[in-house]
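S.K.: Below is protein00.csv; it holds CSV, N, CA and C atoms.
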```
chain,number,residue,atom,x,y,z
A,1,LYS,N,167.9,-293.0,173.4
A,1,LYS,CA,167.6,-293.0,172.0
A,1,LYS,C,166.1,-292.8,171.8
A,2,ASP,N,165.3,-293.5,172.6
A,2,ASP,CA,163.8,-293.3,172.4
A,2,ASP,C,163.4,-291.9,172.8
A,3,ALA,N,164.1,-291.3,173.8
A,3,ALA,CA,163.7,-289.9,174.2
A,3,ALA,C,164.1,-289.0,173.0
A,4,GLN,N,165.2,-289.2,172.4
A,4,GLN,CA,165.6,-288.3,171.2
A,4,GLN,C,164.6,-288.5,170.1
A,5,PHE,N,164.1,-289.7,169.8
A,5,PHE,CA,163.1,-289.9,168.8
A,5,PHE,C,161.8,-289.1,169.2
A,6,GLY,N,161.4,-289.2,170.5
A,6,GLY,CA,160.2,-288.6,170.9
A,6,GLY,C,160.3,-287.1,170.7
A,7,VAL,N,161.4,-286.5,171.1
A,7,VAL,CA,161.6,-285.0,171.0
A,7,VAL,C,161.5,-284.6,169.5
A,8,GLY,N,162.2,-285.4,168.7
A,8,GLY,CA,162.2,-285.1,167.2
A,8,GLY,C,160.8,-285.2,166.6
A,9,PHE,N,160.0,-286.2,167.1
A,9,PHE,CA,158.7,-286.4,166.6
A,9,PHE,C,157.8,-285.2,167.0
A,10,ILE,N,157.9,-284.8,168.3
A,10,ILE,CA,157.1,-283.7,168.8
A,10,ILE,C,157.5,-282.4,168.0
A,11,ASP,N,158.8,-282.2,167.8
A,11,ASP,CA,159.3,-281.0,167.1
A,11,ASP,C,158.7,-281.0,165.7
A,12,SER,N,158.4,-282.1,165.1
A,12,SER,CA,157.9,-282.1,163.7
A,12,SER,C,156.5,-281.5,163.6
A,13,PHE,N,155.8,-281.3,164.8
A,13,PHE,CA,154.5,-280.7,164.8
A,13,PHE,C,154.7,-279.3,165.4
A,14,HIS,N,153.9,-278.4,165.0
A,14,HIS,CA,153.9,-277.0,165.6
A,14,HIS,C,153.0,-277.1,166.8
A,15,LEU,N,153.4,-276.4,167.8
A,15,LEU,CA,152.6,-276.3,169.0
A,15,LEU,C,151.2,-275.7,168.7
A,16,SER,N,151.2,-274.7,167.8
A,16,SER,CA,150.0,-274.1,167.4
A,16,SER,C,149.0,-275.1,166.8
A,17,ASP,N,149.5,-276.1,166.0
A,17,ASP,CA,148.7,-277.1,165.4
A,17,ASP,C,148.0,-278.0,166.5
A,18,CYS,N,148.8,-278.3,167.4
A,18,CYS,CA,148.3,-279.2,168.5
A,18,CYS,C,147.2,-278.5,169.3
A,19,LEU,N,147.5,-277.2,169.6
A,19,LEU,CA,146.5,-276.4,170.4
A,19,LEU,C,145.2,-276.2,169.6
A,20,ASP,N,145.4,-276.0,168.3
A,20,ASP,CA,144.2,-275.8,167.4
A,20,ASP,C,143.4,-277.1,167.4
A,21,VAL,N,144.0,-278.2,167.3
A,21,VAL,CA,143.3,-279.5,167.4
A,21,VAL,C,142.6,-279.7,168.7
A,22,LEU,N,143.2,-279.3,169.8
A,22,LEU,CA,142.6,-279.3,171.1
A,22,LEU,C,141.4,-278.4,171.2
A,23,GLY,N,141.5,-277.2,170.7
A,23,GLY,CA,140.3,-276.3,170.6
A,23,GLY,C,139.2,-276.9,169.8
A,24,ASN,N,139.5,-277.5,168.7
A,24,ASN,CA,138.5,-278.1,167.8
A,24,ASN,C,137.8,-279.3,168.6
A,25,ALA,N,138.6,-280.0,169.3
A,25,ALA,CA,138.0,-281.2,170.1
A,25,ALA,C,137.0,-280.7,171.1
A,26,HIS,N,137.4,-279.6,171.8
A,26,HIS,CA,136.4,-279.0,172.8
A,26,HIS,C,135.2,-278.5,172.1
A,27,LEU,N,135.4,-277.8,171.0
A,27,LEU,CA,134.2,-277.3,170.3
A,27,LEU,C,133.3,-278.4,169.8
A,28,THR,N,133.8,-279.4,169.2
A,28,THR,CA,133.1,-280.5,168.8
A,28,THR,C,132.4,-281.2,169.9
A,29,ASN,N,133.1,-281.4,171.0
A,29,ASN,CA,132.5,-282.0,172.2
A,29,ASN,C,131.3,-281.3,172.7
A,30,PHE,N,131.4,-279.9,172.7
A,30,PHE,CA,130.3,-279.1,173.1
A,30,PHE,C,129.0,-279.4,172.3
A,31,PHE,N,129.2,-279.4,171.0
A,31,PHE,CA,128.0,-279.5,170.2
A,31,PHE,C,127.5,-280.9,170.0
A,32,THR,N,128.3,-281.9,170.3
A,32,THR,CA,127.8,-283.3,170.1
A,32,THR,C,127.5,-284.0,171.4
A,33,ASN,N,128.0,-283.5,172.6
A,33,ASN,CA,127.8,-284.2,173.8
A,33,ASN,C,127.1,-283.4,174.9
A,34,GLY,N,126.2,-282.6,174.6
A,34,GLY,CA,125.4,-282.0,175.7
A,34,GLY,C,125.6,-280.6,176.0
A,35,GLU,N,126.3,-279.8,175.3
A,35,GLU,CA,126.5,-278.4,175.5
A,35,GLU,C,126.9,-278.0,176.9
A,36,ASP,N,128.0,-278.6,177.3
A,36,ASP,CA,128.6,-278.2,178.6
A,36,ASP,C,129.5,-276.9,178.3
A,37,MET,N,129.1,-275.8,178.9
A,37,MET,CA,129.7,-274.5,178.7
A,37,MET,C,131.2,-274.5,178.9
A,38,GLU,N,131.6,-275.4,179.8
A,38,GLU,CA,133.1,-275.5,180.1
A,38,GLU,C,133.9,-275.8,178.9
A,39,GLN,N,133.2,-276.6,178.0
A,39,GLN,CA,133.9,-277.0,176.7
A,39,GLN,C,134.2,-275.8,175.9
A,40,LEU,N,133.3,-274.8,175.8
A,40,LEU,CA,133.5,-273.6,175.1
A,40,LEU,C,134.6,-272.8,175.7
A,41,THR,N,134.6,-272.7,177.0
A,41,THR,CA,135.7,-272.0,177.7
A,41,THR,C,137.1,-272.6,177.4
A,42,LEU,N,137.1,-273.9,177.5
A,42,LEU,CA,138.4,-274.6,177.2
A,42,LEU,C,138.8,-274.4,175.7
A,43,ALA,N,137.8,-274.4,174.8
A,43,ALA,CA,138.1,-274.2,173.4
A,43,ALA,C,138.7,-272.8,173.2
A,44,LEU,N,138.0,-271.8,173.8
A,44,LEU,CA,138.5,-270.4,173.7
A,44,LEU,C,140.0,-270.3,174.2
A,45,LYS,N,140.3,-270.9,175.3
A,45,LYS,CA,141.6,-270.9,175.9
A,45,LYS,C,142.6,-271.6,174.9
A,46,ALA,N,142.2,-272.7,174.3
A,46,ALA,CA,143.1,-273.4,173.4
A,46,ALA,C,143.3,-272.5,172.2
A,47,TYR,N,142.3,-271.9,171.7
A,47,TYR,CA,142.4,-271.0,170.5
A,47,TYR,C,143.3,-269.8,170.8
A,48,ALA,N,143.2,-269.2,172.0
A,48,ALA,CA,144.0,-268.1,172.4
A,48,ALA,C,145.5,-268.5,172.4
A,49,GLN,N,145.8,-269.7,172.9
A,49,GLN,CA,147.1,-270.2,172.9
A,49,GLN,C,147.6,-270.5,171.5
A,50,THR,N,146.7,-271.0,170.7
A,50,THR,CA,147.1,-271.2,169.3
A,50,THR,C,147.5,-270.0,168.6
A,51,GLU,N,146.7,-268.9,168.8
A,51,GLU,CA,147.0,-267.6,168.2
A,51,GLU,C,148.3,-267.1,168.6
A,52,ARG,N,148.7,-267.2,169.9
A,52,ARG,CA,149.9,-266.7,170.4
A,52,ARG,C,151.1,-267.5,169.8
A,53,ASN,N,150.9,-268.8,169.5
A,53,ASN,CA,152.0,-269.6,169.0
A,53,ASN,C,151.9,-269.9,167.5
A,54,LEU,N,151.1,-269.1,166.8
A,54,LEU,CA,150.8,-269.4,165.4
A,54,LEU,C,152.1,-269.2,164.5
A,55,LYS,N,152.4,-270.2,163.7
A,55,LYS,CA,153.5,-270.1,162.8
A,55,LYS,C,153.1,-269.7,161.4
A,56,GLU,N,151.9,-270.0,161.0
A,56,GLU,CA,151.3,-269.6,159.7
A,56,GLU,C,149.9,-269.3,159.9
A,57,VAL,N,149.3,-268.5,159.0
A,57,VAL,CA,147.9,-268.0,159.1
A,57,VAL,C,147.0,-269.2,159.0
A,58,ASN,N,145.9,-269.2,159.7
A,58,ASN,CA,145.0,-270.3,159.8
A,58,ASN,C,143.6,-269.7,159.9
A,59,PRO,N,142.9,-269.6,158.7
A,59,PRO,CA,141.5,-269.1,158.8
A,59,PRO,C,140.5,-269.9,159.6
A,60,ASP,N,140.8,-271.2,159.7
A,60,ASP,CA,139.9,-272.0,160.5
A,60,ASP,C,139.9,-271.7,161.9
A,61,LEU,N,141.0,-271.3,162.5
A,61,LEU,CA,141.1,-270.9,163.9
A,61,LEU,C,140.1,-269.7,164.1
A,62,TYR,N,140.2,-268.7,163.3
A,62,TYR,CA,139.3,-267.5,163.5
A,62,TYR,C,137.9,-267.9,163.2
A,63,PHE,N,137.6,-268.7,162.2
A,63,PHE,CA,136.2,-269.1,161.9
A,63,PHE,C,135.6,-269.9,163.1
A,64,ASN,N,136.4,-270.8,163.6
A,64,ASN,CA,135.9,-271.6,164.7
A,64,ASN,C,135.7,-270.8,166.0
A,65,ARG,N,136.6,-269.9,166.2
A,65,ARG,CA,136.5,-269.1,167.4
A,65,ARG,C,135.3,-268.1,167.3
A,66,ALA,N,135.1,-267.6,166.0
A,66,ALA,CA,133.9,-266.7,165.8
A,66,ALA,C,132.6,-267.5,166.0
A,67,THR,N,132.6,-268.8,165.7
A,67,THR,CA,131.4,-269.6,165.9
A,67,THR,C,131.1,-269.6,167.4
A,68,ILE,N,132.1,-269.8,168.2
A,68,ILE,CA,131.9,-269.8,169.7
A,68,ILE,C,131.4,-268.4,170.1
A,69,TYR,N,132.0,-267.4,169.7
A,69,TYR,CA,131.6,-266.0,170.1
A,69,TYR,C,130.2,-265.8,169.7
A,70,GLU,N,129.8,-266.2,168.5
A,70,GLU,CA,128.4,-266.0,168.0
A,70,GLU,C,127.4,-266.8,168.9
A,71,TYR,N,127.8,-268.0,169.2
A,71,TYR,CA,126.9,-268.8,170.1
A,71,TYR,C,126.8,-268.1,171.5
A,72,LEU,N,127.8,-267.5,172.0
A,72,LEU,CA,127.8,-266.8,173.3
A,72,LEU,C,127.2,-265.4,173.2
A,73,GLU,N,126.8,-265.0,172.0
A,73,GLU,CA,126.2,-263.7,171.7
A,73,GLU,C,127.2,-262.6,172.0
A,74,ARG,N,128.5,-262.9,171.7
A,74,ARG,CA,129.6,-261.9,171.8
A,74,ARG,C,129.8,-261.5,170.3
A,75,TYR,N,128.9,-260.7,169.8
A,75,TYR,CA,128.8,-260.5,168.4
A,75,TYR,C,130.0,-259.6,167.8
A,76,ASN,N,130.4,-258.6,168.5
A,76,ASN,CA,131.6,-257.8,168.0
A,76,ASN,C,132.8,-258.7,167.8
A,77,GLU,N,133.1,-259.6,168.8
A,77,GLU,CA,134.2,-260.5,168.7
A,77,GLU,C,134.0,-261.5,167.5
A,78,ALA,N,132.8,-262.0,167.4
A,78,ALA,CA,132.5,-262.9,166.3
A,78,ALA,C,132.7,-262.2,165.0
A,79,ILE,N,132.2,-261.0,164.8
A,79,ILE,CA,132.4,-260.3,163.5
A,79,ILE,C,133.8,-260.1,163.2
A,80,ALA,N,134.6,-259.7,164.2
A,80,ALA,CA,136.0,-259.5,164.0
A,80,ALA,C,136.7,-260.8,163.5
A,81,ASP,N,136.4,-261.9,164.2
A,81,ASP,CA,137.1,-263.1,163.8
A,81,ASP,C,136.6,-263.6,162.5
A,82,TYR,N,135.3,-263.5,162.2
A,82,TYR,CA,134.8,-263.9,160.8
A,82,TYR,C,135.5,-263.0,159.8
A,83,ASN,N,135.6,-261.7,160.0
A,83,ASN,CA,136.3,-260.9,159.1
A,83,ASN,C,137.8,-261.3,158.9
A,84,THR,N,138.4,-261.6,160.0
A,84,THR,CA,139.8,-262.1,159.9
A,84,THR,C,139.9,-263.4,159.1
A,85,ALA,N,139.0,-264.3,159.3
A,85,ALA,CA,139.0,-265.6,158.6
A,85,ALA,C,138.8,-265.3,157.1
A,86,HIS,N,137.9,-264.4,156.8
A,86,HIS,CA,137.6,-264.1,155.4
A,86,HIS,C,138.8,-263.4,154.7
A,87,THR,N,139.4,-262.5,155.4
A,87,THR,CA,140.6,-261.9,154.8
A,87,THR,C,141.7,-262.8,154.5
A,88,ILE,N,142.0,-263.8,155.4
A,88,ILE,CA,143.0,-264.8,155.3
A,88,ILE,C,142.7,-265.7,154.1
A,89,ASP,N,141.4,-266.2,154.1
A,89,ASP,CA,141.0,-267.2,153.2
A,89,ASP,C,140.7,-266.5,151.9
```
Written as C-alpha coordinates, how would this file's structure read?
M.R.:
Amino acid sequence: KDAQFGVGFIDSFHLSDCLDVLGNAHLTNFFTNGEDMEQLTLALKAYAQTERNLKEVNPDLYFNRATIYEYLERYNEAIADYNTAHTID
(Lines of atoms letter the chains of each structure in order from A and count residues from 1; the text may use other names and numbers.)
(Lines give C-alpha, C1' and ligand atoms only; values in the text may rest on other atoms or scores of the structure.)
Protein backbone atom coordinates (compact mmCIF):
# COMPACT_ATOMS: atom_id res chain seq x y z
CA LYS A 1 0.00 0.00 0.00
CA ASP A 2 2.81 2.43 0.89
CA ALA A 3 4.62 1.59 -2.36
CA GLN A 4 1.49 2.34 -4.39
CA PHE A 5 1.15 5.68 -2.63
CA GLY A 6 4.79 6.47 -3.40
CA VAL A 7 4.42 5.66 -7.08
CA GLY A 8 1.28 7.75 -7.31
CA PHE A 9 3.00 10.62 -5.54
CA ILE A 10 5.97 10.51 -7.91
CA ASP A 11 3.68 10.24 -10.94
CA SER A 12 2.01 13.49 -9.88
CA PHE A 13 5.26 15.29 -10.70
CA HIS A 14 6.71 15.46 -14.17
CA LEU A 15 10.21 14.11 -14.51
CA SER A 16 11.14 17.27 -16.39
CA ASP A 17 10.10 19.40 -13.40
CA CYS A 18 12.31 17.38 -11.07
CA LEU A 19 15.27 17.60 -13.43
CA ASP A 20 14.74 21.35 -13.86
CA VAL A 21 14.81 21.81 -10.09
CA LEU A 22 18.02 19.76 -9.96
CA GLY A 23 19.60 21.98 -12.62
CA ASN A 24 18.53 25.09 -10.75
CA ALA A 25 20.05 23.72 -7.55
CA HIS A 26 23.41 23.16 -9.24
CA LEU A 27 23.29 26.62 -10.84
CA THR A 28 22.49 28.27 -7.51
CA ASN A 29 25.15 26.25 -5.74
CA PHE A 30 27.72 27.41 -8.28
CA PHE A 31 27.05 31.09 -7.73
CA THR A 32 26.60 30.95 -3.95
CA ASN A 33 29.18 28.41 -2.80
CA GLY A 34 32.45 29.08 -4.53
CA GLU A 35 32.11 28.67 -8.29
CA ASP A 36 32.94 24.98 -8.62
CA MET A 37 32.82 24.40 -12.39
CA GLU A 38 31.50 20.87 -11.85
CA GLN A 39 28.25 22.46 -10.66
CA LEU A 40 27.77 24.11 -14.06
CA THR A 41 28.49 20.82 -15.82
CA LEU A 42 25.91 19.07 -13.66
CA ALA A 43 23.39 21.87 -14.24
CA LEU A 44 23.84 21.61 -18.01
CA LYS A 45 23.34 17.83 -17.85
CA ALA A 46 20.17 18.25 -15.79
CA TYR A 47 18.85 20.91 -18.18
CA ALA A 48 19.56 18.66 -21.18
CA GLN A 49 17.59 15.85 -19.55
CA THR A 50 14.83 18.32 -18.69
CA GLU A 51 14.59 19.38 -22.32
CA ARG A 52 14.38 15.75 -23.49
CA ASN A 53 11.53 15.04 -21.04
CA LEU A 54 9.72 18.36 -21.34
CA LYS A 55 5.93 18.09 -21.13
CA GLU A 56 5.21 21.82 -21.51
CA VAL A 57 7.27 24.79 -22.57
CA ASN A 58 9.41 26.36 -19.87
CA PRO A 59 11.17 29.65 -20.66
CA ASP A 60 13.08 29.51 -17.37
CA LEU A 61 14.89 26.38 -18.52
CA TYR A 62 16.27 28.16 -21.57
CA PHE A 63 17.03 31.38 -19.69
CA ASN A 64 18.94 29.56 -16.95
CA ARG A 65 20.88 27.46 -19.43
CA ALA A 66 21.69 30.59 -21.44
CA THR A 67 23.08 32.16 -18.26
CA ILE A 68 25.47 29.23 -17.92
CA TYR A 69 26.49 29.41 -21.57
CA GLU A 70 27.10 33.14 -21.25
CA TYR A 71 29.25 32.61 -18.15
CA LEU A 72 31.23 29.95 -20.05
CA GLU A 73 31.59 32.36 -22.98
CA ARG A 74 29.67 30.01 -25.26
CA TYR A 75 27.88 32.98 -26.74
CA ASN A 76 26.18 31.37 -29.75
CA GLU A 77 24.49 28.83 -27.50
CA ALA A 78 23.61 31.55 -25.00
CA ILE A 79 21.98 33.70 -27.68
CA ALA A 80 20.01 30.74 -29.03
CA ASP A 81 18.65 29.89 -25.57
CA TYR A 82 17.92 33.53 -24.69
CA ASN A 83 16.00 33.80 -27.97
CA THR A 84 14.08 30.61 -27.23
CA ALA A 85 13.17 31.86 -23.75
CA HIS A 86 12.02 35.17 -25.21
CA THR A 87 9.91 33.46 -27.87
CA ILE A 88 8.21 31.23 -25.33
CA ASP A 89 7.64 33.95 -22.75
S.K.: Between atom CA of Tyr47 of chain A and atom CA of Ala25 of chain A, what is the spacing in Å?
M.R.: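 Value for the atom CA of Ala25 of chain A-atom CA of Tyr47 of chain A distance: 11.1 Å.
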S.K.: DSSP on the backbone: which residues in chain A end up as helix (DSSP H, G or I)? Give the answer as a PyMOL selection string.
M.R.: chain A and resi 2-11+15-32+37-52+59-71+75-88
S.K.: Please indicate the distance in Å from atom C of Ile88 of chain A to atom C of Thr28 of chain A, rounded to one decimal place.
M.R.: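 Atom-to-atom, atom C of Ile88 of chain A to atom C of Thr28 of chain A, that is 24.4 Å.
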S.K.: Just the residues within 9 Å of Asn83 of chain A, please, counting only C-alpha atoms, with nothing from its chain fewer than 5 positions along; format it as a JSON list (two decimals) with N, CA and C atoms, keeping the file's coordinate frame.
M.R.:
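And here is the file that came out, out.json:
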```
[["chain", "number", "residue", "atom", "x", "y", "z"],
["A", 62, "TYR", "N", 140.20, -268.70, 163.30],
["A", 62, "TYR", "CA", 139.30, -267.50, 163.50],
["A", 62, "TYR", "C", 137.90, -267.90, 163.20],
["A", 63, "PHE", "N", 137.60, -268.70, 162.20],
["A", 63, "PHE", "CA", 136.20, -269.10, 161.90],
["A", 63, "PHE", "C", 135.60, -269.90, 163.10],
["A", 78, "ALA", "N", 132.80, -262.00, 167.40],
["A", 78, "ALA", "CA", 132.50, -262.90, 166.30],
["A", 78, "ALA", "C", 132.70, -262.20, 165.00],
["A", 88, "ILE", "N", 142.00, -263.80, 155.40],
["A", 88, "ILE", "CA", 143.00, -264.80, 155.30],
["A", 88, "ILE", "C", 142.70, -265.70, 154.10]]
```
S.K.: With distances taken over only C-alpha atoms, which residue among A:Arg74, A:His86, A:His26, A:His14 lies nearest Lys55 of chain A?
M.R.: A:His14
S.K.: If I take atom CA of Ala66 of chain A and atom C of Asp81 of chain A, how far is one from the other in Å, to one decimal?
M.R.: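 So the two atoms, atom CA of Ala66 of chain A and atom C of Asp81 of chain A, lie 5.3 Å apart.
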S.K.: Which residues are near segment 30-38 of chain A? Cut-off 12 Å, only C-alpha atoms, ignore same chain within fewer than 6 positions. Put them as a list in words.
M.R.: Gly23, Asn24, Leu44, Lys45, Thr67, Ile68, Tyr71 and Leu72 of chain A
S.K.: What residues have an atom no more than 12 Å from (148.2, -276.2, 166.8) in the file's own frame, counting only C-alpha atoms, and can you write them as an MDAnalysis selection string?
M.R.: chainID A and resid 10 12:25 46:58 60:61
S.K.: Output segment 23-46 of chain A as a PDB file, in the frame of the given file, making sure N, CA, C and O atoms are there.
M.R.:
```
ATOM      1  N   GLY A  23     141.500-277.200 170.700  1.00  0.00           N
ATOM      2  CA  GLY A  23     140.300-276.300 170.600  1.00  0.00           C
ATOM      3  C   GLY A  23     139.200-276.900 169.800  1.00  0.00           C
ATOM      4  O   GLY A  23     138.012-276.851 170.219  1.00  0.00           O
ATOM      5  N   ASN A  24     139.500-277.500 168.700  1.00  0.00           N
ATOM      6  CA  ASN A  24     138.500-278.100 167.800  1.00  0.00           C
ATOM      7  C   ASN A  24     137.800-279.300 168.600  1.00  0.00           C
ATOM      8  O   ASN A  24     136.601-279.482 168.410  1.00  0.00           O
ATOM      9  N   ALA A  25     138.600-280.000 169.300  1.00  0.00           N
ATOM     10  CA  ALA A  25     138.000-281.200 170.100  1.00  0.00           C
ATOM     11  C   ALA A  25     137.000-280.700 171.100  1.00  0.00           C
ATOM     12  O   ALA A  25     135.919-281.236 171.254  1.00  0.00           O
ATOM     13  N   HIS A  26     137.400-279.600 171.800  1.00  0.00           N
ATOM     14  CA  HIS A  26     136.400-279.000 172.800  1.00  0.00           C
ATOM     15  C   HIS A  26     135.200-278.500 172.100  1.00  0.00           C
ATOM     16  O   HIS A  26     134.059-278.674 172.621  1.00  0.00           O
ATOM     17  N   LEU A  27     135.400-277.800 171.000  1.00  0.00           N
ATOM     18  CA  LEU A  27     134.200-277.300 170.300  1.00  0.00           C
ATOM     19  C   LEU A  27     133.300-278.400 169.800  1.00  0.00           C
ATOM     20  O   LEU A  27     132.060-278.308 169.971  1.00  0.00           O
ATOM     21  N   THR A  28     133.800-279.400 169.200  1.00  0.00           N
ATOM     22  CA  THR A  28     133.100-280.500 168.800  1.00  0.00           C
ATOM     23  C   THR A  28     132.400-281.200 169.900  1.00  0.00           C
ATOM     24  O   THR A  28     131.175-281.585 169.815  1.00  0.00           O
ATOM     25  N   ASN A  29     133.100-281.400 171.000  1.00  0.00           N
ATOM     26  CA  ASN A  29     132.500-282.000 172.200  1.00  0.00           C
ATOM     27  C   ASN A  29     131.300-281.300 172.700  1.00  0.00           C
ATOM     28  O   ASN A  29     130.284-281.826 173.089  1.00  0.00           O
ATOM     29  N   PHE A  30     131.400-279.900 172.700  1.00  0.00           N
ATOM     30  CA  PHE A  30     130.300-279.100 173.100  1.00  0.00           C
ATOM     31  C   PHE A  30     129.000-279.400 172.300  1.00  0.00           C
ATOM     32  O   PHE A  30     127.958-279.553 172.867  1.00  0.00           O
ATOM     33  N   PHE A  31     129.200-279.400 171.000  1.00  0.00           N
ATOM     34  CA  PHE A  31     128.000-279.500 170.200  1.00  0.00           C
ATOM     35  C   PHE A  31     127.500-280.900 170.000  1.00  0.00           C
ATOM     36  O   PHE A  31     126.306-281.125 169.660  1.00  0.00           O
ATOM     37  N   THR A  32     128.300-281.900 170.300  1.00  0.00           N
ATOM     38  CA  THR A  32     127.800-283.300 170.100  1.00  0.00           C
ATOM     39  C   THR A  32     127.500-284.000 171.400  1.00  0.00           C
ATOM     40  O   THR A  32     126.777-285.002 171.402  1.00  0.00           O
ATOM     41  N   ASN A  33     128.000-283.500 172.600  1.00  0.00           N
ATOM     42  CA  ASN A  33     127.800-284.200 173.800  1.00  0.00           C
ATOM     43  C   ASN A  33     127.100-283.400 174.900  1.00  0.00           C
ATOM     44  O   ASN A  33     127.490-283.583 176.093  1.00  0.00           O
ATOM     45  N   GLY A  34     126.200-282.600 174.600  1.00  0.00           N
ATOM     46  CA  GLY A  34     125.400-282.000 175.700  1.00  0.00           C
ATOM     47  C   GLY A  34     125.600-280.600 176.000  1.00  0.00           C
ATOM     48  O   GLY A  34     125.118-280.161 177.060  1.00  0.00           O
ATOM     49  N   GLU A  35     126.300-279.800 175.300  1.00  0.00           N
ATOM     50  CA  GLU A  35     126.500-278.400 175.500  1.00  0.00           C
ATOM     51  C   GLU A  35     126.900-278.000 176.900  1.00  0.00           C
ATOM     52  O   GLU A  35     126.299-277.173 177.538  1.00  0.00           O
ATOM     53  N   ASP A  36     128.000-278.600 177.300  1.00  0.00           N
ATOM     54  CA  ASP A  36     128.600-278.200 178.600  1.00  0.00           C
ATOM     55  C   ASP A  36     129.500-276.900 178.300  1.00  0.00           C
ATOM     56  O   ASP A  36     130.417-276.937 177.542  1.00  0.00           O
ATOM     57  N   MET A  37     129.100-275.800 178.900  1.00  0.00           N
ATOM     58  CA  MET A  37     129.700-274.500 178.700  1.00  0.00           C
ATOM     59  C   MET A  37     131.200-274.500 178.900  1.00  0.00           C
ATOM     60  O   MET A  37     131.936-273.752 178.346  1.00  0.00           O
ATOM     61  N   GLU A  38     131.600-275.400 179.800  1.00  0.00           N
ATOM     62  CA  GLU A  38     133.100-275.500 180.100  1.00  0.00           C
ATOM     63  C   GLU A  38     133.900-275.800 178.900  1.00  0.00           C
ATOM     64  O   GLU A  38     134.996-275.420 178.691  1.00  0.00           O
ATOM     65  N   GLN A  39     133.200-276.600 178.000  1.00  0.00           N
ATOM     66  CA  GLN A  39     133.900-277.000 176.700  1.00  0.00           C
ATOM     67  C   GLN A  39     134.200-275.800 175.900  1.00  0.00           C
ATOM     68  O   GLN A  39     135.253-275.687 175.233  1.00  0.00           O
ATOM     69  N   LEU A  40     133.300-274.800 175.800  1.00  0.00           N
ATOM     70  CA  LEU A  40     133.500-273.600 175.100  1.00  0.00           C
ATOM     71  C   LEU A  40     134.600-272.800 175.700  1.00  0.00           C
ATOM     72  O   LEU A  40     135.452-272.190 174.993  1.00  0.00           O
ATOM     73  N   THR A  41     134.600-272.700 177.000  1.00  0.00           N
ATOM     74  CA  THR A  41     135.700-272.000 177.700  1.00  0.00           C
ATOM     75  C   THR A  41     137.100-272.600 177.400  1.00  0.00           C
ATOM     76  O   THR A  41     138.012-271.881 177.114  1.00  0.00           O
ATOM     77  N   LEU A  42     137.100-273.900 177.500  1.00  0.00           N
ATOM     78  CA  LEU A  42     138.400-274.600 177.200  1.00  0.00           C
ATOM     79  C   LEU A  42     138.800-274.400 175.700  1.00  0.00           C
ATOM     80  O   LEU A  42     139.961-274.251 175.389  1.00  0.00           O
ATOM     81  N   ALA A  43     137.800-274.400 174.800  1.00  0.00           N
ATOM     82  CA  ALA A  43     138.100-274.200 173.400  1.00  0.00           C
ATOM     83  C   ALA A  43     138.700-272.800 173.200  1.00  0.00           C
ATOM     84  O   ALA A  43     139.653-272.614 172.452  1.00  0.00           O
ATOM     85  N   LEU A  44     138.000-271.800 173.800  1.00  0.00           N
ATOM     86  CA  LEU A  44     138.500-270.400 173.700  1.00  0.00           C
ATOM     87  C   LEU A  44     140.000-270.300 174.200  1.00  0.00           C
ATOM     88  O   LEU A  44     140.788-269.582 173.620  1.00  0.00           O
ATOM     89  N   LYS A  45     140.300-270.900 175.300  1.00  0.00           N
ATOM     90  CA  LYS A  45     141.600-270.900 175.900  1.00  0.00           C
ATOM     91  C   LYS A  45     142.600-271.600 174.900  1.00  0.00           C
ATOM     92  O   LYS A  45     143.697-271.026 174.695  1.00  0.00           O
ATOM     93  N   ALA A  46     142.200-272.700 174.300  1.00  0.00           N
ATOM     94  CA  ALA A  46     143.100-273.400 173.400  1.00  0.00           C
ATOM     95  C   ALA A  46     143.300-272.500 172.200  1.00  0.00           C
ATOM     96  O   ALA A  46     144.456-272.391 171.651  1.00  0.00           O
TER      97      ALA A  46
END
```
